[in-house]
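A.B. asks: Dropping in run-v9.txt, which is compact mmCIF, C-alpha atoms:
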# COMPACT_ATOMS: atom_id res chain seq x y z
CA ASP A 294 0.00 0.00 0.00
CA THR A 295 1.65 3.22 -1.16
CA GLU A 296 -1.33 5.45 -0.60
CA VAL A 297 -1.82 8.60 1.36
CA THR A 298 -5.53 9.10 1.89
CA GLN A 299 -7.01 12.52 2.49
CA THR A 300 -10.56 13.40 3.53
CA PRO A 301 -12.65 15.19 2.59
CA LYS A 302 -11.84 15.71 -1.09
CA HIS A 303 -13.73 18.99 -1.16
CA LEU A 304 -14.68 21.36 1.65
CA VAL A 305 -16.55 24.63 1.66
CA MET A 306 -16.52 26.53 4.92
CA GLY A 307 -17.50 29.92 6.22
CA MET A 308 -15.05 32.24 7.91
CA THR A 309 -16.52 31.51 11.34
CA ASN A 310 -16.55 27.74 10.94
CA LYS A 311 -14.25 25.16 12.49
CA LYS A 312 -13.34 22.19 10.35
CA SER A 313 -10.64 19.55 10.15
CA LEU A 314 -8.74 17.94 7.31
CA LYS A 315 -7.62 14.36 7.77
CA CYS A 316 -4.75 12.36 6.36
CA GLU A 317 -3.83 8.72 6.79
CA GLN A 318 -0.97 6.51 5.64
CA HIS A 319 -0.14 2.89 6.38
CA MET A 320 3.34 2.72 4.89
CA GLY A 321 5.05 2.98 8.25
CA HIS A 322 6.45 6.38 7.33
CA ARG A 323 7.77 8.41 10.24
CA ALA A 324 7.45 11.85 8.67
CA MET A 325 4.20 13.49 7.63
CA TYR A 326 3.64 16.82 5.98
CA TRP A 327 1.04 19.46 5.20
CA TYR A 328 1.46 21.54 2.06
CA LYS A 329 -0.70 24.32 0.67
CA GLN A 330 -1.00 24.78 -3.09
CA LYS A 331 -2.60 27.73 -4.82
CA ALA A 332 -3.64 27.51 -8.45
CA LYS A 333 -0.71 27.37 -10.91
CA LYS A 334 1.79 27.49 -8.05
CA PRO A 335 4.05 24.87 -6.49
CA PRO A 336 3.16 23.25 -3.18
CA GLU A 337 4.33 25.30 -0.21
CA LEU A 338 5.41 23.54 2.93
CA MET A 339 3.36 24.32 6.04
CA PHE A 340 4.18 21.73 8.71
CA VAL A 341 6.30 18.64 9.20
CA TYR A 342 5.83 15.98 11.84
CA SER A 343 8.68 13.63 12.53
CA TYR A 344 8.07 10.68 14.84
CA GLU A 345 4.76 12.28 15.82
CA LYS A 346 6.40 15.50 16.95
CA LEU A 347 6.11 18.82 15.18
CA SER A 348 9.53 19.49 13.71
CA ILE A 349 8.86 22.26 11.20
CA ASN A 350 6.32 25.09 11.23
CA GLU A 351 6.87 27.41 8.30
CA SER A 352 5.48 30.44 10.14
CA VAL A 353 1.93 29.35 9.44
CA PRO A 354 -0.86 31.50 10.98
CA SER A 355 -2.39 30.06 14.13
CA ARG A 356 -5.76 29.65 12.44
CA PHE A 357 -4.15 26.46 11.06
CA SER A 358 -3.47 23.94 13.81
CA PRO A 359 -1.85 20.59 13.00
CA GLU A 360 -2.20 17.46 15.06
CA CYS A 361 -0.58 14.05 14.82
CA PRO A 362 -2.62 11.60 16.95
CA ASN A 363 -0.43 8.64 15.99
CA SER A 364 2.16 7.60 13.44
CA SER A 365 -0.48 6.93 10.75
CA LEU A 366 -2.71 9.96 11.14
CA LEU A 367 -2.31 13.66 10.57
CA ASN A 368 -4.99 16.29 11.03
CA LEU A 369 -5.17 19.95 10.15
CA HIS A 370 -7.66 21.92 12.24
CA LEU A 371 -9.04 25.04 10.64
CA HIS A 372 -10.62 27.98 12.44
CA ALA A 373 -11.53 31.50 11.41
CA LEU A 374 -10.04 31.15 7.94
CA GLN A 375 -9.97 33.88 5.34
CA PRO A 376 -11.03 33.63 1.68
CA GLU A 377 -7.36 33.82 0.67
CA ASP A 378 -6.82 30.52 2.49
CA SER A 379 -8.79 28.81 -0.25
CA ALA A 380 -6.38 26.33 -1.86
CA LEU A 381 -5.55 22.68 -2.36
CA TYR A 382 -4.20 21.23 0.88
CA LEU A 383 -1.87 18.32 0.35
CA CYS A 384 -0.70 15.75 2.84
CA ALA A 385 2.45 13.74 2.27
CA SER A 386 4.54 11.17 4.07
CA SER A 387 8.08 9.88 3.79
CA GLN A 388 10.24 7.29 5.44
CA ALA A 389 13.10 9.69 6.00
CA GLY A 390 14.56 12.94 4.76
CA LEU A 391 16.41 11.47 1.80
CA THR A 392 13.58 9.41 0.39
CA GLU A 393 10.65 10.32 -1.78
CA ALA A 394 7.58 11.88 -0.23
CA PHE A 395 4.26 10.34 -1.23
CA PHE A 396 1.36 12.72 -1.65
CA GLY A 397 -2.35 12.35 -1.19
CA GLN A 398 -4.86 13.68 -3.70
CA GLY A 399 -5.50 16.75 -1.60
CA THR A 400 -8.47 18.53 -0.11
CA ARG A 401 -9.85 21.38 -2.20
CA LEU A 402 -10.79 24.01 0.37
CA THR A 403 -13.00 26.97 -0.39
CA VAL A 404 -13.51 29.63 2.27
CA VAL A 405 -16.59 31.78 1.76
CA GLY B 166 17.39 34.14 -1.96
CA GLU B 167 17.67 30.39 -2.25
CA SER B 168 15.33 28.90 -4.77
CA VAL B 169 14.60 25.99 -6.98
CA GLY B 170 13.31 27.21 -10.32
CA LEU B 171 12.58 26.21 -13.86
CA HIS B 172 13.59 27.89 -17.11
CA LEU B 173 10.36 27.29 -19.08
CA PRO B 174 6.83 27.61 -17.71
CA THR B 175 5.25 25.72 -20.65
CA LEU B 176 6.71 23.11 -22.96
CA SER B 177 4.83 21.80 -26.00
CA VAL B 178 6.09 18.66 -27.73
CA GLN B 179 4.82 16.40 -30.45
CA GLU B 180 3.65 12.97 -29.44
CA GLY B 181 6.51 10.53 -29.85
CA ASP B 182 9.22 13.14 -29.45
CA ASN B 183 11.51 13.37 -26.45
CA SER B 184 10.86 16.02 -23.79
CA ILE B 185 13.42 17.80 -21.66
CA ILE B 186 12.32 19.74 -18.60
CA ASN B 187 14.92 21.81 -16.79
CA CYS B 188 15.35 23.00 -13.24
CA ALA B 189 17.92 25.26 -11.62
CA TYR B 190 18.72 25.25 -7.94
CA SER B 191 20.80 27.68 -5.94
CA ASN B 192 21.66 25.84 -2.73
CA SER B 193 24.83 23.80 -3.14
CA ALA B 194 23.97 22.02 0.12
CA SER B 195 21.01 20.31 -1.51
CA ASP B 196 21.73 16.61 -1.71
CA TYR B 197 18.55 14.95 -2.88
CA PHE B 198 16.27 15.83 -5.76
CA ILE B 199 12.91 14.54 -6.89
CA TRP B 200 10.79 15.02 -9.97
CA TYR B 201 7.04 15.01 -9.49
CA LYS B 202 4.23 14.93 -12.02
CA GLN B 203 0.96 16.62 -11.13
CA GLU B 204 -2.17 16.13 -13.18
CA SER B 205 -5.11 18.47 -12.87
CA GLY B 206 -6.99 18.01 -9.61
CA LYS B 207 -4.54 15.46 -8.25
CA GLY B 208 -1.63 15.39 -5.86
CA PRO B 209 1.99 15.28 -7.03
CA GLN B 210 3.10 11.85 -8.17
CA PHE B 211 6.68 10.68 -7.72
CA ILE B 212 8.52 10.08 -11.00
CA ILE B 213 12.19 9.68 -10.23
CA ASP B 214 14.80 10.85 -7.76
CA ILE B 215 18.54 11.34 -7.64
CA ARG B 216 21.06 11.86 -4.90
CA SER B 217 23.89 14.35 -5.15
CA ASN B 218 26.52 11.63 -5.41
CA MET B 219 25.07 10.66 -8.80
CA ASP B 220 25.05 12.40 -12.21
CA LYS B 221 22.39 10.35 -13.92
CA ARG B 222 19.59 8.00 -13.08
CA GLN B 223 17.26 6.17 -15.42
CA GLY B 224 13.76 4.88 -14.98
CA GLN B 225 11.14 3.65 -17.34
CA ARG B 226 11.13 6.20 -20.21
CA VAL B 227 12.55 8.85 -17.88
CA THR B 228 16.08 9.97 -17.12
CA VAL B 229 17.20 12.54 -14.59
CA LEU B 230 20.50 14.34 -15.03
CA LEU B 231 22.21 16.29 -12.30
CA ASN B 232 24.96 18.81 -12.98
CA LYS B 233 26.24 19.99 -9.64
CA THR B 234 28.81 22.32 -11.20
CA VAL B 235 26.10 24.57 -12.58
CA LYS B 236 23.39 23.50 -10.13
CA HIS B 237 21.14 22.19 -12.85
CA LEU B 238 18.67 19.31 -12.94
CA SER B 239 16.81 17.97 -15.95
CA LEU B 240 14.12 15.42 -16.62
CA GLN B 241 14.11 13.66 -19.96
CA ILE B 242 11.00 11.82 -21.10
CA ALA B 243 11.45 9.49 -24.05
CA ALA B 244 8.72 9.02 -26.65
CA THR B 245 6.37 11.47 -25.00
CA GLN B 246 2.77 10.30 -24.82
CA PRO B 247 -0.53 12.18 -24.33
CA GLY B 248 -0.67 10.77 -20.81
CA ASP B 249 2.52 12.66 -20.00
CA SER B 250 0.65 15.95 -20.23
CA ALA B 251 0.83 17.47 -16.75
CA VAL B 252 2.75 19.96 -14.64
CA TYR B 253 6.20 18.79 -13.64
CA PHE B 254 7.91 19.99 -10.48
CA CYS B 255 11.43 19.46 -9.29
CA ALA B 256 11.91 19.39 -5.55
CA GLU B 257 15.02 19.48 -3.42
CA ASN B 258 15.75 18.17 0.01
CA ARG B 259 18.56 19.59 2.06
CA GLY B 260 20.56 17.34 4.29
CA GLY B 261 17.71 15.10 5.31
CA THR B 262 15.87 17.92 7.01
CA TYR B 263 12.42 16.70 5.96
CA LYS B 264 12.12 19.97 4.08
CA TYR B 265 11.17 19.35 0.46
CA ILE B 266 11.20 22.62 -1.47
CA PHE B 267 9.43 22.73 -4.81
CA GLY B 268 10.42 24.62 -7.94
CA THR B 269 7.96 26.74 -9.87
CA GLY B 270 6.81 23.99 -12.25
CA THR B 271 6.63 23.41 -16.01
CA ARG B 272 3.47 22.52 -17.86
CA LEU B 273 4.09 19.87 -20.49
CA LYS B 274 1.63 19.77 -23.37
CA VAL B 275 1.75 16.83 -25.72
CA LEU B 276 0.48 17.58 -29.20
CA ALA B 277 -1.16 14.82 -31.21
What is this file in structure tokens?

C.D. replies:
Amino acid sequence: DTEVTQTPKHLVMGMTNKKSLKCEQHMGHRAMYWYKQKAKKPPELMFVYSYEKLSINESVPSRFSPECPNSSLLNLHLHALQPEDSALYLCASSQAGLTEAFFGQGTRLTVV
Amino acid sequence: GESVGLHLPTLSVQEGDNSIINCAYSNSASDYFIWYKQESGKGPQFIIDIRSNMDKRQGQRVTVLLNKTVKHLSLQIAATQPGDSAVYFCAENRGGTYKYIFGTGTRLKVLA
């Protein structure tokens, strides 16, 4: 199984809503990532978890809150988002730093 | 600042021809590089990778070349097919930091 599964595939939320994005992998990977991708742009790194601990936060606003409940799951909690936060949110995982990262299909988020 | 970039935003090739997608990087400390393919509405898909101790690596119909002297990376696709139409990103990883930084991307269009 080389899949990274993200749910939901699409999400529309209001600026006062609280929602969560979920990501799951069963490859035994010890690093998991959240990326944000705007249209026609490359993915931008947001957070990295290594061995279930937050190791990188790329100065992401606090309205985005990551959580790693266990080695297979990664969540991204969303609160009080802005319309400019609308984007494709990608989850990825890797075994280590010098191996390929596998990406999920993403969650298309629209903030209204 | 440090960046991973591409020379051409769009590349159009005839079906059956070979494609060459280029990428420049500026950080000489980068030691691992990946090429990803991203189709519309999907997450990036791993194509091929190369470590900095190598100059060339071949896969099925794809070859990656690394020129560390000029900090240049290229992806060659042999006998390009319609299914190769996508956006291609190079990504670099620096010293196993779990930080994969993406280049700006090239859209490959395959003409029938």

A.B. asks: Counting only C-alpha atoms, which residues in chain B sit no more than 10 Å from chain A? For each one, give the nearest pair of atoms and the distance in Å, sorted by chain then residue number, as CSV.

C.D. replies:
residue,atom,partner,partner_atom,distance
B:Asp196,CA,A:Leu391,CA,8.2
B:Tyr197,CA,A:Leu391,CA,6.2
B:Phe198,CA,A:Leu391,CA,8.7
B:Ile199,CA,A:Glu393,CA,7.0
B:Trp200,CA,A:Glu393,CA,9.4
B:Tyr201,CA,A:Glu393,CA,9.7
B:Gln203,CA,A:Gln398,CA,9.9
B:Gly206,CA,A:Gln398,CA,7.6
B:Lys207,CA,A:Gln398,CA,4.9
B:Gly208,CA,A:Gln398,CA,4.2
B:Pro209,CA,A:Phe396,CA,6.0
B:Gln210,CA,A:Phe396,CA,6.8
B:Phe211,CA,A:Phe395,CA,6.9
B:Ile212,CA,A:Glu393,CA,9.5
B:Ile213,CA,A:Glu393,CA,8.6
B:Asp214,CA,A:Glu393,CA,7.3
B:Ile215,CA,A:Thr392,CA,9.6
B:Arg216,CA,A:Leu391,CA,8.2
B:Val252,CA,A:Lys333,CA,9.0
B:Tyr253,CA,A:Pro335,CA,9.6
B:Phe254,CA,A:Pro335,CA,7.4
B:Cys255,CA,A:Pro335,CA,9.6
B:Ala256,CA,A:Pro335,CA,9.6
B:Glu257,CA,A:Leu391,CA,9.7
B:Asn258,CA,A:Leu391,CA,7.0
B:Arg259,CA,A:Gly390,CA,8.2
B:Gly260,CA,A:Gly390,CA,7.5
B:Gly261,CA,A:Gly390,CA,3.9
B:Thr262,CA,A:Gly390,CA,5.6
B:Tyr263,CA,A:Gly390,CA,4.5
B:Lys264,CA,A:Gly390,CA,7.5
B:Tyr265,CA,A:Leu338,CA,7.5
B:Ile266,CA,A:Leu338,CA,7.3
B:Phe267,CA,A:Pro335,CA,6.0
B:Gly268,CA,A:Pro335,CA,6.5
B:Thr269,CA,A:Pro335,CA,5.5
B:Gly270,CA,A:Pro335,CA,6.4
B:Thr271,CA,A:Lys333,CA,9.8
B:Arg272,CA,A:Lys333,CA,9.4

A.B. asks: Which residues, written as JSON, numbers by chain, have at least one atom at most 10 Å from Val178 in chain B, with only C-alpha atoms counted and residues fewer than 2 positions away on the same chain left out?

C.D. replies: {"B": [176, 180, 181, 182, 183, 184, 185, 245, 246, 247, 250, 273, 274, 275, 276, 277]}

A.B. asks: Rank A:Asn350, A:Gln299, A:Glu317, A:Lys331 by their smallest atom-to-atom distance to Thr403 in chain A, using only C-alpha atoms, and report the top residue only.

C.D. replies: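 Checking each of A:Asn350, A:Gln299, A:Glu317, A:Lys331 against Thr403 in chain A, counting only C-alpha atoms, the winner is A:Lys331.
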
A.B. asks: Could you state the separation of CA of Ser358 in chain A and CA of His322 in chain A in Å, given to one decimal place?

C.D. replies: 21.2 Å

A.B. asks: As an exercise, work out the distance from CA of Val405 in chain A to CA of Met306 in chain A in Å and give it to one decimal place.

C.D. replies: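 Answer for the CA of Val405 in chain A to CA of Met306 in chain A separation: 6.1 Å.
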
A.B. asks: Restricting the calculation to only C-alpha atoms, which member of B:Leu230, B:Val235, B:Met219, B:Leu240 is positioned closest to Asn192 in chain B?

C.D. replies: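 Among the listed residues, the smallest separation from Asn192 in chain B belongs to B:Val235.
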
A.B. asks: In Å, how far is it from CA of Ala251 in chain B to CA of Thr300 in chain A?

C.D. replies: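 Distance reported for this atom pair: 23.6 Å.
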
A.B. asks: Taking only C-alpha atoms into account, which of A:Ser379, A:Leu304, A:Glu351, A:Cys361 comes nearest Ala332 in chain A?

C.D. replies: A:Ser379

A.B. asks: Find the residues near Gly307 in chain A: any atom within 9 Å, counting all atoms listed in the file, skip ones fewer than 5 places away on the same chain, and give them as a PDB file with C-alpha atoms, in the frame of the given file.

C.D. replies:
ATOM      1  CA  ALA A 373     -11.530  31.500  11.410  1.00  0.00           C
ATOM      2  CA  LEU A 374     -10.040  31.150   7.940  1.00  0.00           C
ATOM      3  CA  GLN A 375      -9.970  33.880   5.340  1.00  0.00           C
ATOM      4  CA  PRO A 376     -11.030  33.630   1.680  1.00  0.00           C
ATOM      5  CA  THR A 403     -13.000  26.970  -0.390  1.00  0.00           C
ATOM      6  CA  VAL A 404     -13.510  29.630   2.270  1.00  0.00           C
ATOM      7  CA  VAL A 405     -16.590  31.780   1.760  1.00  0.00           C
TER       8      VAL A 405
END
